[in-house]
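A quick write-up on the structure given underneath.
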Amino acid sequence: MRETLQPFHLAFPVHDLEAARHFYASVLGCAVGRTDERWIDFNFFGHQITAHLVEGGSETALANPVDDEQVPSRHFGIILDMDGWQQLVRRLEEQDADFLIEPTVRFRGRPGEQATLFIRDPSGNALEFKAFADAGRVFATD
């Protein structure tokens with residue numbers, strides 16, 4: 001296992017690049033990287049994500065029950081520190097974000113206890129933002 005984490009790259013479909021640019025840059029505060037007429041790179045908390053324009057949009061994802069919530073099975077996100085997560089919650093609330101799953105603490109008192117929230121981007125992609133009170137418990141099973 002690597003000692004140093006490297007940034008990940010994720011590409012995902014969007015149906016409107018300008019709506020994606022506004023959401024990721026203005027709502028979430030991600031810096032815009034390279035762009036093309038059919039894609040945009042964003043700095044997603046130190047990771048590279050690329051919104052690719054697709055005709056017809058993205059398909060609606062199914063959901064799975066997780067700790068009494070219906071979690072979209074197709075989603076991506078980032079693990080922030082608790083202060084960063086709380087700042088993002090405030091930012092999203094100030095933007096009147098439409099939460100798919102409201103900010104909450106999941107698995108309370110159990111391994112993997114985490115603060116989490118879900119939102120959708122303008123193309124319907126589900127994003128999860130989470131934080132752990134103890135970062136050493138990210139992969140905890142007991």
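Ligands are numbered from 1 in the order shown, residues from 1 within each chain, and chains are lettered A, B, ... in the order they appear in the structure tokens.
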Query raised in the report: Which residues come within 12 Å of Phe45 in chain A, counting only C-alpha atoms, excluding same-chain residues fewer than 6 positions away, as number ranges by chain?
Result: A: 7-9, 24-25, 28-32, 77-81, 84-85, 88, 129
Selection file, C-alpha atoms, as a PDB file, in the first residue's frame:
ATOM      1  CA  PRO A   7      -4.853  12.733  -6.653  1.00  0.00           C
ATOM      2  CA  PHE A   8      -7.509  10.670  -8.376  1.00  0.00           C
ATOM      3  CA  HIS A   9      -9.072  11.410 -11.748  1.00  0.00           C
ATOM      4  CA  TYR A  24     -18.578  23.172  -9.642  1.00  0.00           C
ATOM      5  CA  ALA A  25     -16.811  26.566  -9.808  1.00  0.00           C
ATOM      6  CA  LEU A  28     -18.616  24.351  -4.740  1.00  0.00           C
ATOM      7  CA  GLY A  29     -15.657  26.706  -5.264  1.00  0.00           C
ATOM      8  CA  CYS A  30     -13.597  24.375  -7.498  1.00  0.00           C
ATOM      9  CA  ALA A  31     -10.956  25.986  -9.698  1.00  0.00           C
ATOM     10  CA  VAL A  32     -11.467  25.490 -13.429  1.00  0.00           C
ATOM     11  CA  GLY A  77     -17.268  12.508  -3.644  1.00  0.00           C
ATOM     12  CA  ILE A  78     -14.509  13.484  -1.310  1.00  0.00           C
ATOM     13  CA  ILE A  79     -13.579  12.958   2.323  1.00  0.00           C
ATOM     14  CA  LEU A  80     -12.902  16.322   3.939  1.00  0.00           C
ATOM     15  CA  ASP A  81     -11.675  17.098   7.434  1.00  0.00           C
ATOM     16  CA  GLY A  84     -13.866  21.663   5.856  1.00  0.00           C
ATOM     17  CA  TRP A  85     -17.082  19.618   5.804  1.00  0.00           C
ATOM     18  CA  LEU A  88     -19.043  23.300   2.908  1.00  0.00           C
ATOM     19  CA  PHE A 129     -19.176  14.877   0.877  1.00  0.00           C
TER      20      PHE A 129
END
Contacts of Gly33 in chain A at 8 Å or less, counting only C-alpha atoms, minus same-chain residues fewer than 4 places along, as a PDB file with N, CA and C atoms, in the first residue's frame?
ATOM      1  N   ILE A  40     -14.673  19.980 -19.356  1.00  0.00           N
ATOM      2  CA  ILE A  40     -14.051  20.941 -18.439  1.00  0.00           C
ATOM      3  C   ILE A  40     -13.397  20.157 -17.312  1.00  0.00           C
ATOM      4  N   ASP A  41     -12.136  20.478 -17.005  1.00  0.00           N
ATOM      5  CA  ASP A  41     -11.451  19.923 -15.831  1.00  0.00           C
ATOM      6  C   ASP A  41     -11.680  20.844 -14.641  1.00  0.00           C
ATOM      7  N   PHE A  42     -11.882  20.249 -13.479  1.00  0.00           N
ATOM      8  CA  PHE A  42     -12.019  21.005 -12.233  1.00  0.00           C
ATOM      9  C   PHE A  42     -11.050  20.458 -11.206  1.00  0.00           C
ATOM     10  N   ASN A  43     -10.566  21.353 -10.326  1.00  0.00           N
ATOM     11  CA  ASN A  43      -9.779  20.943  -9.168  1.00  0.00           C
ATOM     12  C   ASN A  43     -10.776  20.672  -8.053  1.00  0.00           C
TER      13      ASN A  43
END
For range 45-101 of chain A versus range 107-120 of chain A, which residues have an atom no more than 8 Å away, and what is each residue's nearest atom pair and distance in Å rounded to one decimal, using only C-alpha atoms, chain-then-number order, as a Markdown table?
| residue | atom | partner | partner_atom | distance |
| --- | --- | --- | --- | --- |
| A:Asp67 | CA | A:Phe107 | CA | 6.6 |
| A:Met82 | CA | A:Ala115 | CA | 7.9 |
| A:Trp85 | CA | A:Ala115 | CA | 7.9 |
| A:Ala97 | CA | A:Ile119 | CA | 7.6 |
| A:Asp98 | CA | A:Ile119 | CA | 6.7 |
| A:Phe99 | CA | A:Ile119 | CA | 4.9 |
| A:Leu100 | CA | A:Ile119 | CA | 4.9 |
| A:Ile101 | CA | A:Phe118 | CA | 4.8 |
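Residue-level DSSP output for chain A, from the backbone, shows alpha helix (DSSP H) at Leu17, Glu18, Ala19, Ala20, Arg21, Met82, Asp83, Gly84, Trp85, Gln86, Gln87, Leu88, Val89, Arg90, Arg91, Leu92, Glu93 and Glu94 of chain A.
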With C-alpha atoms retained, write the just-selected residues as a JSON list (two decimals), in the first residue's frame.
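For reference, result.json as written:
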[["chain", "number", "residue", "atom", "x", "y", "z"],
["A", 17, "LEU", "CA", -21.26, 22.37, -19.63],
["A", 18, "GLU", "CA", -22.12, 25.92, -18.55],
["A", 19, "ALA", "CA", -24.42, 24.65, -15.80],
["A", 20, "ALA", "CA", -21.64, 22.27, -14.73],
["A", 21, "ARG", "CA", -19.12, 25.14, -14.73],
["A", 82, "MET", "CA", -14.52, 17.95, 9.81],
["A", 83, "ASP", "CA", -13.89, 21.72, 9.66],
["A", 84, "GLY", "CA", -13.87, 21.66, 5.86],
["A", 85, "TRP", "CA", -17.08, 19.62, 5.80],
["A", 86, "GLN", "CA", -18.83, 22.05, 8.15],
["A", 87, "GLN", "CA", -17.66, 25.01, 6.03],
["A", 88, "LEU", "CA", -19.04, 23.30, 2.91],
["A", 89, "VAL", "CA", -22.38, 22.68, 4.66],
["A", 90, "ARG", "CA", -22.62, 26.39, 5.48],
["A", 91, "ARG", "CA", -21.67, 27.33, 1.90],
["A", 92, "LEU", "CA", -24.28, 25.00, 0.43],
["A", 93, "GLU", "CA", -26.95, 26.25, 2.84],
["A", 94, "GLU", "CA", -26.10, 29.86, 1.89]]
Report task. Once DSSP has gone over the backbone, tell me which residues of chain A are in strand (DSSP E), as a PyMOL selection string. Result -> chain A and resi 9-14+31-35+39-44+47-53+63-66+69-72+75-80+99-106+114-120+126-131
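The shortest atom-to-atom distance to Ser73 in chain A, with only C-alpha atoms taken into account, belongs to A:Asn125 out of A:Thr4, A:Asn125, A:Thr141, A:Thr50.
The residue that comes closest to His75 in chain A, out of A:Phe23, A:Phe132, A:Phe139, A:Phe12 and on the basis of only C-alpha atoms, is A:Phe12.
Between His15 in chain A and the residues A:Gln95, A:Val66, A:Pro122, A:Thr35, the shortest atom-to-atom distance, using only C-alpha atoms, involves A:Pro122.
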